[in-house]
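Heads up: the structure comes next, in structure tokens.
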Amino acid sequence: MAGLYLHIPFCKQACHYCDFHFSTSMGLKSRLVDALTQELALRADYLGPQSVLETIYFGGGTPSLLTATELDQIFNAIHIHFRVAADAEITLEANPDDLTAAKVRELAASPINRLSIGLQSFHEPHLRLMNRAHSAIESTAAVQLAQEAGFENISVDLIYGVPAPDHGIWEEDLAKVFALQVPHLSCYALTVEPDTVFGRQLKKGTFRPPPDEFVARQFEMLLAELARHGYQQYEISNFCQPGRESRHNSAYWRGVPYLGLGPSAHSFNGVSRQYTLANNPQYVTSVLEQHEVPATIEFLSPTDRANEYLMTSLRTARGTDLRHLHTSLGVNLVADRADYLKYLQTNGWATISADEVLTLTDKGKLLADQITLELFQEAE
């Protein structure tokens with residue numbers, strides 16, 4: 001199996017926390033869609049002749065800005081160059097302000113069978129603070145319109161750790177999302193990246209994120225409420241009703257090969273990673289006029305592969321198989337890092353099963369990045 005990711009690098013406006021690659025100018029959108037279809041042809045052999053696409057994911061940016069004609073153009077090209085599984089999961093990220101009744105009907109008539117809706121909050125002042133393009137009313141209406149149009153496989157994004165006097169707003173956000181009864185939630189702590197509006201405001205002293213303890217408490221509230229409503233945490237930021245994991249993202253965490261198309265997209269084929277240039281005009285010119293994908297290829301060393309496995313597996317409920325890490329990737333943490341593994345267990349941050357699977361506890365998940373970096377192998 002394999003996955004296909006398409007980066008749609010356009011947004012109506014810039015969210016104050018976002019450091020993904022996008023443009024608020026739509027002038028190149030039609031040409032970029034042409035380039036995506038051309039890149040499909042140029043990279044048709046990347047995943048190998050036997051590969052079947054089990055998942056297709058439109059990310060961004062804001063893929064819900066694509067018209068029905070543009071989506072048809074992309075899907076036609078996909079089916080020309082790739083085999084697609086009959087039950088493929090086909091996801092499109094969408095912003096609530098795009099999901100009018102007409103737009104939702106249009107998407108329901110397309111091959112798309114899963115929507116990932118970027119609500120972020122139901123609280124109007126928080127939406128304005130983050131510079132989201134939609135209103136609190138549209139947050140609820142978008143999900144309901146999608147459900148009425150027949151979309152049953154829906155994921156919703158929420159952001160916690162937004163500055164607030166207490167946890168009441170987060171409690172209300174959770175209550176409102178549970179009332180919508182969507183099968184999947186992705187919940188992320190607000191992160192202030194340097195090259196964003198929040199990052200620049202932080203440097204000037206005009207934005208102050210909440211303390212770590214405040215954010216950690218909201219994460220704990222999130223875990224408790226999700227468990228109470230029957231959701232499973234299958235990855236640190238992703239939660240679902242039983243059996244409703246995102247197949248596309250789960251494949252990333254299991255190291256399944258995938259092809260990424262579009263400016264800033266990443267690809268992985270098991271041996272190397274490829275990073276496409278994050279520049280819309282240069283990408284379009286290179287693909288359409290020079291018939292080349294402007295990308296950098298990084299061949300992965302055994303140490304790189306071991307660290308990637310650690311980074312992805314430790315975030316999941318499945319955990320890190322220490323025996324696999326040793327026998328297949330050449331890293332023996334049980335012997336080489338025995339003291340640190342014992343330290344993690346003693347402090348209640350991780351457990352190790354009888355078959356040597358390392359899994360983070362709820363306390364440990366708050367420190368996941370630090371723990372992962374501590375376990376990383378240094379390049380030889």
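Within each chain, counting starts at residue 1; across the structure tokens, chains are named A, B, ... in the order shown, with ligands numbered 1 upward in that order.
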
Give one line per residue of segment 10-50 of chain A that approaches segment 190-202 of chain A to at most 7 Å, naming the two atoms of the closest pair and their distance in Å to one decimal, counting only C-alpha atoms; sort by chain then ascending residue number and deliver it as JSON lines.
{"residue": "A:His16", "atom": "CA", "partner": "A:Val197", "partner_atom": "CA", "distance": 4.8}
{"residue": "A:Tyr17", "atom": "CA", "partner": "A:Phe198", "partner_atom": "CA", "distance": 5.9}
{"residue": "A:Cys18", "atom": "CA", "partner": "A:Thr196", "partner_atom": "CA", "distance": 6.3}
{"residue": "A:Asp19", "atom": "CA", "partner": "A:Thr196", "partner_atom": "CA", "distance": 6.0}

Just want the 9 Å neighbourhood of Glu152 of chain A, counted on only C-alpha atoms, with same-chain residues fewer than 6 positions away dropped. Output as a short mmCIF file (atom, residue, chain, number, x, y, z; two decimals) with N, CA, C and O atoms, in the first residue's frame.
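Below you can see result-v6.cif, which holds the result:
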data_model
loop_
_atom_site.label_atom_id
_atom_site.label_comp_id
_atom_site.auth_asym_id
_atom_site.auth_seq_id
_atom_site.Cartn_x
_atom_site.Cartn_y
_atom_site.Cartn_z
N ASN A 113 -14.26 11.23 0.32
CA ASN A 113 -15.15 10.54 1.27
C ASN A 113 -14.83 10.85 2.73
O ASN A 113 -15.40 10.26 3.64
N ARG A 114 -13.91 11.80 2.95
CA ARG A 114 -13.57 12.20 4.33
C ARG A 114 -13.22 13.68 4.34
O ARG A 114 -12.46 14.15 3.49
N LEU A 115 -13.78 14.42 5.29
CA LEU A 115 -13.47 15.83 5.45
C LEU A 115 -12.73 16.05 6.77
O LEU A 115 -13.10 15.49 7.80
N ALA A 146 -22.08 19.31 6.42
CA ALA A 146 -21.37 18.14 5.89
C ALA A 146 -22.11 16.86 6.24
O ALA A 146 -22.26 15.96 5.40
N VAL A 182 -18.71 13.84 15.94
CA VAL A 182 -17.82 13.47 14.84
C VAL A 182 -16.94 12.30 15.29
O VAL A 182 -16.61 12.18 16.47
N PRO A 183 -16.53 11.42 14.37
CA PRO A 183 -15.78 10.23 14.77
C PRO A 183 -14.30 10.46 15.03
O PRO A 183 -13.63 9.59 15.57
#

**OP:** List every residue of segment 226-266 of chain A that DSSP, applied to the backbone of this structure, assigns to helix (DSSP H, G or I), and report them as a PyMOL selection string.
**Re:** chain A and resi 226-228+247-253

Original post:
Using only C-alpha atoms, which of the listed residues (A:Asn280, A:Thr285, A:Thr359, A:Gln274) sits closest to Gly262 of chain A?
Top reply: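 Looking at the shortest contact to Gly262 of chain A, the residue is A:Asn280.
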
Subject >> Exercise: Val215 of chain A partners within 8 Å, only C-alpha atoms, chain neighbours under 6 positions left out, as a list in words >> reply: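 Residues meeting the cut-off are Tyr160, Gly161 and Ala189 of chain A.
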
Selection above as a file: C-alpha atoms, as a PDB file, in the first residue's frame:
ATOM      1  CA  TYR A 160      -5.891  24.438  23.061  1.00  0.00           C
ATOM      2  CA  GLY A 161      -3.461  26.494  25.109  1.00  0.00           C
ATOM      3  CA  ALA A 189      -1.456  22.903  21.582  1.00  0.00           C
TER       4      ALA A 189
END

**OP:** Mind giving me the straight-line distance from atom CA of Val156 of chain A to atom CA of His266 of chain A in Å, one decimal?
**Re:**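 Atom CA of His266 of chain A lies at a distance of 23.5 Å from atom CA of Val156 of chain A.
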